[in-house]
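Student: Hey, dropping my_file_33.csv in here, CSV, C-alpha atoms:
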chain,number,residue,atom,x,y,z
A,1,MET,CA,-12.8,69.2,234.8
A,2,LYS,CA,-10.1,71.9,234.5
A,3,GLN,CA,-12.6,74.7,235.2
A,4,THR,CA,-13.9,72.9,238.4
A,5,VAL,CA,-10.3,72.5,239.7
A,6,PHE,CA,-9.5,76.2,238.9
A,7,SER,CA,-12.7,77.3,240.5
A,8,LYS,CA,-11.9,75.4,243.7
A,9,VAL,CA,-8.4,77.0,243.8
A,10,ILE,CA,-9.9,80.4,243.4
A,11,TRP,CA,-12.3,79.8,246.2
A,12,MET,CA,-9.5,78.6,248.4
A,13,VAL,CA,-7.5,81.7,247.6
A,14,TYR,CA,-10.6,83.8,248.3
A,15,GLY,CA,-11.0,82.1,251.7
A,16,PHE,CA,-7.4,82.7,252.6
A,17,LEU,CA,-7.8,86.4,251.7
A,18,ILE,CA,-10.9,86.6,253.8
A,19,LEU,CA,-9.1,85.2,256.8
A,20,SER,CA,-6.1,87.5,256.2
A,21,ALA,CA,-8.4,90.5,256.0
A,22,ILE,CA,-10.3,89.5,259.2
A,23,ILE,CA,-7.0,89.0,261.0
A,24,ALA,CA,-5.8,92.5,259.8
A,25,ILE,CA,-9.0,94.1,261.1
A,26,LEU,CA,-8.8,92.3,264.5
A,27,ASN,CA,-5.1,93.4,264.8
A,28,ALA,CA,-6.1,97.0,264.0
A,29,LEU,CA,-8.7,96.8,266.8
A,30,VAL,CA,-6.0,95.6,269.2
A,31,GLU,CA,-3.7,98.5,268.2
A,32,ILE,CA,-6.6,101.0,268.6
A,33,TYR,CA,-7.2,99.6,272.1
A,34,PHE,CA,-3.4,99.9,272.9
A,35,HIS,CA,-3.6,103.6,272.0
A,36,TYR,CA,-6.8,104.0,274.0
A,37,GLY,CA,-4.8,102.6,277.0
A,38,LEU,CA,-2.0,105.1,276.4
A,39,ALA,CA,-4.4,108.0,276.1
A,40,HIS,CA,-6.0,107.0,279.5
A,41,ASP,CA,-2.7,106.4,281.3
A,42,PHE,CA,-2.9,102.6,281.7
A,43,LEU,CA,-0.2,101.1,283.8
A,44,LEU,CA,1.8,98.0,282.7
A,45,PHE,CA,-0.5,96.0,285.0
A,46,HIS,CA,-3.5,97.1,283.0
A,47,PHE,CA,-1.8,96.4,279.7
A,48,LYS,CA,-0.8,92.9,280.9
A,49,TYR,CA,-4.4,91.9,281.6
A,50,TYR,CA,-6.6,94.1,279.5
A,51,ILE,CA,-5.0,93.6,276.1
A,52,PRO,CA,-5.0,89.8,276.2
A,53,THR,CA,-8.6,89.8,277.5
A,54,PHE,CA,-9.7,92.3,274.8
A,55,THR,CA,-7.8,90.3,272.1
A,56,MET,CA,-9.4,87.0,273.2
A,57,ALA,CA,-12.8,88.6,273.3
A,58,ILE,CA,-12.7,90.0,269.8
A,59,TYR,CA,-11.2,86.9,268.3
A,60,ALA,CA,-13.9,84.8,270.1
A,61,ILE,CA,-16.6,87.0,268.6
A,62,ALA,CA,-15.1,86.6,265.2
A,63,VAL,CA,-15.0,82.8,265.6
A,64,ILE,CA,-18.6,82.7,266.7
A,65,ILE,CA,-19.6,84.8,263.6
A,66,GLY,CA,-17.4,82.6,261.4
A,67,MET,CA,-19.1,79.4,262.9
A,68,PHE,CA,-22.5,80.9,262.1
A,69,PHE,CA,-21.5,81.5,258.4
A,70,ILE,CA,-19.8,78.1,258.1
A,71,SER,CA,-22.8,76.2,259.5
A,72,ARG,CA,-25.1,78.2,257.2
A,73,HIS,CA,-23.1,77.1,254.2
A,74,PHE,CA,-22.9,73.5,255.3
A,75,GLN,CA,-26.7,73.5,255.5
A,76,SER,CA,-27.1,74.9,252.0
A,77,GLU,CA,-27.1,72.5,249.1
A,78,GLU,CA,-25.2,74.7,246.6
A,79,LYS,CA,-21.6,73.9,246.0
A,80,PHE,CA,-19.0,76.6,245.8
A,81,ALA,CA,-17.1,75.0,243.0
A,82,HIS,CA,-19.9,75.7,240.5
A,83,LYS,CA,-20.4,79.3,241.6
A,84,GLU,CA,-18.2,82.2,240.3
A,85,VAL,CA,-16.3,84.4,242.6
A,86,ARG,CA,-17.5,87.9,242.4
A,87,ILE,CA,-14.7,90.3,241.4
A,88,VAL,CA,-15.7,93.4,243.6
A,89,PRO,CA,-15.7,91.6,247.0
A,90,PHE,CA,-12.6,89.7,245.9
A,91,VAL,CA,-10.7,93.0,245.2
A,92,VAL,CA,-12.0,94.6,248.4
A,93,VAL,CA,-10.8,91.6,250.5
A,94,LEU,CA,-7.5,91.6,248.6
A,95,ILE,CA,-7.0,95.3,249.4
A,96,LEU,CA,-7.9,94.9,253.1
A,97,ALA,CA,-5.7,91.8,253.4
A,98,PHE,CA,-2.6,93.5,252.0
A,99,ILE,CA,-3.0,97.2,252.9
A,100,LEU,CA,-4.6,97.3,256.4
A,101,GLY,CA,-1.6,95.7,258.3
A,102,PRO,CA,1.0,98.2,257.1
A,103,LEU,CA,-1.4,101.1,257.4
A,104,THR,CA,-2.2,100.1,261.0
A,105,ARG,CA,1.5,100.1,261.9
A,106,TYR,CA,2.1,103.4,260.1
A,107,PHE,CA,-0.7,105.2,261.9
A,108,SER,CA,0.3,103.5,265.2
A,109,PHE,CA,3.8,104.8,265.0
A,110,ARG,CA,2.6,108.2,263.9
A,111,LYS,CA,0.2,108.4,266.9
A,112,LEU,CA,3.1,107.5,269.2
A,113,ASP,CA,5.2,110.3,267.7
A,114,GLN,CA,2.4,112.7,268.3
A,115,SER,CA,2.1,111.5,271.9
A,116,TYR,CA,5.8,112.2,272.4
A,117,ALA,CA,5.4,115.7,271.0
A,118,ASP,CA,3.0,116.6,273.8
A,119,LEU,CA,5.4,117.6,276.6
A,120,SER,CA,2.8,117.0,279.3
A,121,ARG,CA,2.7,113.3,278.5
A,122,THR,CA,6.5,112.8,278.6
A,123,ASP,CA,6.7,111.6,282.2
A,124,TYR,CA,4.0,109.0,281.6
A,125,LEU,CA,5.4,107.8,278.3
A,126,SER,CA,8.9,107.5,279.7
A,127,SER,CA,7.6,105.2,282.4
A,128,VAL,CA,5.9,102.9,279.9
A,129,ASP,CA,7.8,99.7,278.9
A,130,PHE,CA,6.9,99.6,275.2
A,131,ALA,CA,9.0,96.4,274.6
A,132,MET,CA,7.0,94.5,277.2
A,133,ILE,CA,3.7,95.9,275.9
A,134,ASP,CA,4.7,94.9,272.3
A,135,GLN,CA,5.4,91.4,273.5
A,136,ILE,CA,2.1,91.2,275.3
A,137,ILE,CA,0.3,92.4,272.1
A,138,GLU,CA,2.2,90.0,269.8
A,139,GLN,CA,1.7,87.0,272.2
A,140,SER,CA,-2.0,87.7,272.7
A,141,ILE,CA,-2.6,87.9,268.9
A,142,LEU,CA,-0.6,84.7,268.3
A,143,LEU,CA,-2.4,82.8,271.0
A,144,ALA,CA,-5.8,84.1,270.0
A,145,GLY,CA,-5.1,83.2,266.3
A,146,ILE,CA,-4.0,79.7,267.2
A,147,MET,CA,-7.1,79.1,269.3
A,148,SER,CA,-9.4,80.6,266.7
A,149,ILE,CA,-8.0,78.5,263.8
A,150,SER,CA,-8.1,75.4,266.0
A,151,ALA,CA,-11.7,76.1,267.0
A,152,LEU,CA,-12.8,76.7,263.4
A,153,ALA,CA,-11.0,73.6,262.1
A,154,LEU,CA,-12.6,71.4,264.8
A,155,PHE,CA,-16.0,73.0,264.0
A,156,CYS,CA,-15.6,72.3,260.3
A,157,LEU,CA,-14.5,68.7,260.9
A,158,TRP,CA,-17.4,68.2,263.2
A,159,ASN,CA,-19.8,69.6,260.6
A,160,LEU,CA,-18.2,67.5,257.9
A,161,ARG,CA,-18.5,64.3,260.0
A,162,LYS,CA,-22.1,65.2,260.8
A,163,SER,CA,-23.0,65.8,257.2
A,164,SER,CA,-21.4,62.6,256.0
A,165,ARG,CA,-23.7,60.4,258.2
Give the structure from this file in structure tokens form.

Tutor:
Amino acid sequence: MKQTVFSKVIWMVYGFLILSAIIAILNALVEIYFHYGLAHDFLLFHFKYYIPTFTMAIYAIAVIIGMFFISRHFQSEEKFAHKEVRIVPFVVVLILAFILGPLTRYFSFRKLDQSYADLSRTDYLSSVDFAMIDQIIEQSILLAGIMSISALALFCLWNLRKSSR
């Protein structure tokens, strides 16, 4: 009995780490798109609409892929509580979940410093409202995360109700 409870807890921690790693990867993609916009002289108007659209699109793709994997596991008869968690994927996901976020911020700030070192870009960069763009990025990520978690929770509840019949 103790081993079953411990196994379930390990699987829940593993699931949390997987979600954290996926969110870190998606946030890194949003930061990369932000720097793409800076490199191509996007205006605030472009950042206002392109970043939320891009964020929603990549989160929607991640949710659809997540729904595919969840439905595949709902259809299989094997129970996770009796399977062991493999250590190598667990460590990889753990590293991604905890290291990718700070690395993304570090390289993002470093890229901005390099952009300011280029004197030909000074006029463009001085006209960019970075506080507004940072708010747009943070609010887009927050809204996409809330919608994604809600969609996945409703999907799991729907599958659970369907399988209990």

Student: What lies within 9 Å of segment 35-43 of chain A using only C-alpha atoms, ignoring chain neighbours under 2 positions off, as a PyMOL selection string?

Tutor: chain A and resi 30-33+45-48+108+111-112+115+124-125+127-128

Student: For Ser150 of chain A, which residue among A:Ala60, A:Leu26, A:Ile87, A:Ala21 is the nearest when counting only C-alpha atoms?

Tutor: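 Going through A:Ala60, A:Leu26, A:Ile87, A:Ala21 one by one, the smallest distance to Ser150 of chain A is for A:Ala60.
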
Student: Identify which of the residues A:Ile25, A:Leu17, A:Val88, A:Ala62 lies closest to Ala151 of chain A, counting all atoms listed in the file when measuring atom-to-atom distances.

Tutor: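 Smallest separation from Ala151 of chain A among the options: A:Ala62.
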
Student: One number please: atom CA of Ile141 of chain A to atom CA of Ile61 of chain A, in Å, one decimal.

Tutor: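 Spanning atom CA of Ile141 of chain A to atom CA of Ile61 of chain A is a straight-line distance of 14.0 Å.
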
Student: Taking into account all atoms listed in the file, which residue in the set A:Phe130, A:Tyr116, A:Phe16, A:Phe34 is nearest to Pro52 of chain A?

Tutor: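 Nearest to Pro52 of chain A: A:Phe34.
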
Student: For Ile65 of chain A, work out the shell of residues within 12 Å, counting all atoms listed in the file and skipping chain neighbours fewer than 5 positions away, then give it as a list in words.

Tutor: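 With the cut-off at 12 Å, the set is Ile22, Ile58, Tyr59, Ala60, Ile70, Ser71, Arg72, Ser148 and Leu152 of chain A.
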
Student: By how many Å are atom CA of Ile137 of chain A and atom CA of Phe69 of chain A apart?

Tutor: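 We find that atom CA of Ile137 of chain A and atom CA of Phe69 of chain A lie 28.0 Å from each other.
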